[in-house]
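What follows is a single structure, written as structure tokens, with notes after it.
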Amino acid sequence: MEARLRFAVLGPVRACRGSDEIELGPPQQQAVLAVLLLAEGSQVPVSGLIDAVWGTRAPATAPGIVRTYVHRLRKALEPAGDTASSVIRSTGDGYQLRVSPHELDVGTFRELVAQAEAARRAGDTKGAVGYLRDALGLWRGTALAGVRGEYAQAQRQRLAELRLSAEVARLTAELDLGAHAEAVAELTGLVAEHPLDERFRELLMLALYRSGRQAASLATYREAQTLLAGELGVDPGPTLQAMYQRVLRADAGLLTPSAPAEPVPVPARTSAPEPAQAPGVPAQLPAGLAVFVGRDAELAEVARLPSNGTVVISAIAGMAGVGKTTFAVHWARQVADRFPDGQLYLNLRGFDPVGQPVPPEHALRALLESLGAEARGLPQGADALAARYRTLLTGKRVLVLLDNAHDAAQVRPLLPGEPGCLVIVTSRNRLSGLVAVDGAHPLHLDLLSMLEARALLARRLGPGRVAAEPDAVEEIIERCARLPLALAVAAARAATRSALPLSAIAAELRDSADSLDAFQDADAAADVRAVFSWSYHALTPDAARLFRLLGLHPGPDVALPAAASLAGLTVPHVRQLLAELVQAHLVDEPAPGRYASHDLLRVYATELAEAVDPPHQVRAARYRMFDHYLHTAREGVALTFHRALISLAPVAEGMRAEDFAGDPAKARAWFTAEEAVLLAAVEQAALHRYDVHTWQLAWAVGHHLYRRGLPREREAVHRAAMEAARRLGDRTAQAYAHRSLGSVATDLGRLEEARVQIERSIELFTESGDMNACAESYRGLAAIAERKGDPQAGLDAAQRSLELLQAHAGRGGDDRRIRMEIATAFNAVGWFHTLLEQPQQALDHCRQALVLCQELGYDSGAADSWDSIGFALHRLGRHDEAVAAYRDALAIFQQGGGIDWYAVGTVMRLGDVHLSAGQPDAARAVWTDGLDVLERLGHADAEDLAVSLRTRLHRLDEPSGSPEAAAGLTDS
């Protein structure tokens, strides 16, 4: 009987006939097979295969190449090359792969999940868990591992979501069976791996609660709340909120009849004395570091790994200089007594400064000889040597430490064939192939914590010397970026110059902050620049160029489109290059789609860019990068702030802007995510004299900083903008900078300075004939007057703003945006009429503003108008109408992203109306809600508002007194 074909995509793309795996050729050929498999019997046109393999970078010869790949796949998949009966059929202008669900692991996965759901509905929870475990057992790592391109990435994400959904279903069922304590550890890991997936958070809360850990369950929710607000600017979803409320009130319905399972105690591991080795037994581990400190969490993690009954490969990857070998040796010496048949050590020289990586054949010979094999009797060829190696290790307990591996292919032949041995692998690459295919346990070593770094210096220099100069020690740690190698070099320098204070060592590091000269050493293994270079020189040319250019980025991290703009390459291409840099640990991906390097690697990259790349290319890369942030930020302002926009030069060739798809929420989230980068970009643009970018970036980011309540940051960027505008001699740019500095000074209470700045902007805008911009400056004067308590001057300025806008409407430009400005001006005039106790005139103007906002779909302007209408109605004593107006304003604020610090003013005034209407309980409720919002936002202006709200709440509790006094209205 002919053996049946089976296919797999839940891991590397594979095909087997019976027990024999079929060679599928190069990655692009595997991609063709993957597309046909995932079509699940549907026809795929040749054009679809081309798009999946190459995307927009397809060569002209792509159709012919695809047909060649299909021909080769047919030969590989059929016995004796019988392509006539191939599972791949030609259908019109495309191909179809005939495969049943049982022959593809995805199909089997879906069927098992469906059987689990049927079992769950039938009440067989234990059976459902079994089906789900079988389904999840089909995964062998990341789906479509090794297949590149946007199509593969999209399919990976789709399949990963199926996997996560199955994990959720399995864990839910196991919790129903009472396995609460066991689930906590697994769910904690899943939450860390998928921090924004609320499903795992909800299950972890439930597992913790059922394990008797209510406080930890509530803390899990608060962590999610903080993370979601910081990353996306949103609150947790309704399901997670509901779980929080149930845990908070100790809802008995959350408990199950099954008692929580008792946790299995894990005995702590202690260092054992080194075992006495029998004659001829290899004991090759290097000497451990006498001053090893820290890494407690990582040591606890490896202590939980089994050391017998299975082959465990711990791939310890990490950036250059992070201490991989030191950690591996320390761990190996802790467990050496469990491997009485020997401990082997081999440096595979994967990233050697002078030599090439050790070929597997040479490595096998060295290991076999260490195990006592005669060199002259060893067979030829890597396969035969690997077979002898596995035979020799059969039945033995040996520890093998493979240091500095280049990739999985170098390591795989060196793995034992049976349980009993422990293999520890260190590498600067992630060795994902070992994890996916060979079941390796990955362990990533990061930088030292501050406590660990301080302990390292104390062990090397003595606790007294470190304790005597705490500030210098802090600076040394910061300058060394908590990198163990850099700290060791600095400590060695301090140890050999014991007469020098540590402040002098810190000063040396400070003076060489822009280079790595302070970390040079005659020994290349202790030279930070040399150690970094070993990883850098292993990169492909395009990845090496991207690494250099990333040194030009202001940091602290970079998103994918910005990196693409910096390099002037397409987003898919740069995504592949960043994956290579992540694999080499020259950059990290702390959050999906965001990439960062620690400070010393950034300095190294900058040095390389200045040394390798021509100056005109460096300048062009910076120009594209600043263009990326400027054009993206301007689009964000257009979507979120409804102000007159400045004109920009055409985009630089190769710039890749973010696409908000017209969604203001996406724009706001982008500003929040990029806030630190935008501030650094203005600073860097000014430093390198990109003066146009400097003042225009300051204008663009200033709107966001205002909304965030960051006046000091606003002042810094606008002062940089003013200096750039003066260097350019651009009076229009100066006008914008004067107005922005006046706005900041107003917020900081420096009102006379603010008046001077705003009046100078009016002069310059009038000179240039930009009367719309001049009108906005008059609104700035109105704000100053309100702060001074001069509503008549405020009304005069607001009316002048409205007159200018009406006089110049319809004279070109963005008519819709100008009409929005007119609506804003009408509302401002109405507001000042209310302050002047002219509420009926106020209503007339504010209602004109509201009608115009509604016609234009200007939601935030409509919310402001409703707020002003409520203010006027309150003064007229029409309390019910005022409450309705404020409620309408708040409803719009909620739709636009929730109540922020600006909208809390509306909340405060709503409470004032309730109090005037004799409804103190309603006032208390809304003011309390307002305080909660302010505490969550952490806005710089929040404290002033919070003081006003607390004062109102305090007056509610005082005996007697008028409602106006309680609201503070008699003080205004």
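Every chain in the structure tokens has a letter given in the order shown (A, B, ...), and although residue numbers restart at 1 in each chain, ligands are simply numbered from 1 in the order shown.
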
Shell around range 186-193 of chain A at 6 Å using only C-alpha atoms, local window under 3 positions removed, as a CSV table (one decimal) with N, CA and C atoms, in the first residue's frame:
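Now in result.csv:
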chain,number,residue,atom,x,y,z
A,183,ALA,N,-3.2,26.4,36.9
A,183,ALA,CA,-3.3,27.3,35.8
A,183,ALA,C,-2.7,28.6,36.0
A,200,PHE,N,-6.8,36.2,28.4
A,200,PHE,CA,-5.9,35.6,29.4
A,200,PHE,C,-5.9,36.3,30.7
A,204,LEU,N,-6.8,34.6,34.2
A,204,LEU,CA,-5.9,34.7,35.3
A,204,LEU,C,-6.5,35.3,36.6

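The protein and nucleic acid residues lying at most 9 Å from Ala332 in chain A are Leu285, Phe327, Gln343, Leu399, Val400, Leu401 and Ile424 of chain A, with only C-alpha atoms considered and sequence neighbours fewer than 5 positions away removed.
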
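Atom pair CA of Glu78 in chain A / CA of Ala15 in chain A has a distance of 11.2 Å (rounded to one decimal).
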
Problem - DSSP-assigned strand (DSSP E) members of range 324-358 of chain A, reported as a list in words - result: Gln343, Leu344, Tyr345, Leu346 and Asn347 of chain A

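The closest residue to His180 in chain A, picked from A:Pro282, A:Pro470, A:Pro920, A:Gly212 and counting only C-alpha atoms, is A:Gly212.
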
Problem - Residues within 12 Å of Thr68 in chain A, only C-alpha atoms, excluding chain neighbours under 5 positions, as a PyMOL selection string - result: chain A and resi 25+28-29+32+46+61-63+73-75

With C-alpha atoms retained, could you export that selection as a short mmCIF file (atom, residue, chain, number, x, y, z; two decimals), in the first residue's frame?
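Full text of result_9.cif as output:
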data_model
loop_
_atom_site.label_atom_id
_atom_site.label_comp_id
_atom_site.auth_asym_id
_atom_site.auth_seq_id
_atom_site.Cartn_x
_atom_site.Cartn_y
_atom_site.Cartn_z
CA GLY A 25 13.48 23.10 -1.54
CA GLN A 28 10.25 30.65 -1.76
CA GLN A 29 9.34 27.21 -3.08
CA VAL A 32 4.30 28.39 -2.92
CA VAL A 46 -0.39 32.42 -10.63
CA THR A 61 10.38 36.57 -14.51
CA ALA A 62 8.13 35.70 -11.55
CA PRO A 63 5.50 33.70 -13.54
CA LEU A 73 7.11 20.35 -5.89
CA ARG A 74 5.24 17.87 -8.08
CA LYS A 75 8.41 15.82 -8.53
#

Practice task
For Arg643 in chain A, please output as a list in words all residues within 9 Å (counting only C-alpha atoms; exclusion window: fewer than 3 positions along the same chain).
Solution key: Val637, Ala638, Thr640, Glu776, Arg817, Ile818, Met820 and Glu821 of chain A

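With only C-alpha atoms taken into account, the protein and nucleic acid residues at most 6 Å from range 664-669 of chain A (excluding it and anything under 3 positions from it in its own chain) are Leu232, Gly636, Leu639, Thr640, Phe660 and Thr672 of chain A.
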
Kindly export the residues of the current selection with C-alpha atoms, as a PDB file, in the first residue's frame.
ATOM      1  CA  LEU A 232      -3.869  52.377  23.447  1.00  0.00           C
ATOM      2  CA  GLY A 636      -2.770  63.593  13.071  1.00  0.00           C
ATOM      3  CA  LEU A 639      -7.790  64.617  12.292  1.00  0.00           C
ATOM      4  CA  THR A 640      -7.836  65.609  15.948  1.00  0.00           C
ATOM      5  CA  PHE A 660      -4.547  56.604  10.072  1.00  0.00           C
ATOM      6  CA  THR A 672       0.604  58.940  22.678  1.00  0.00           C
TER       7      THR A 672
END
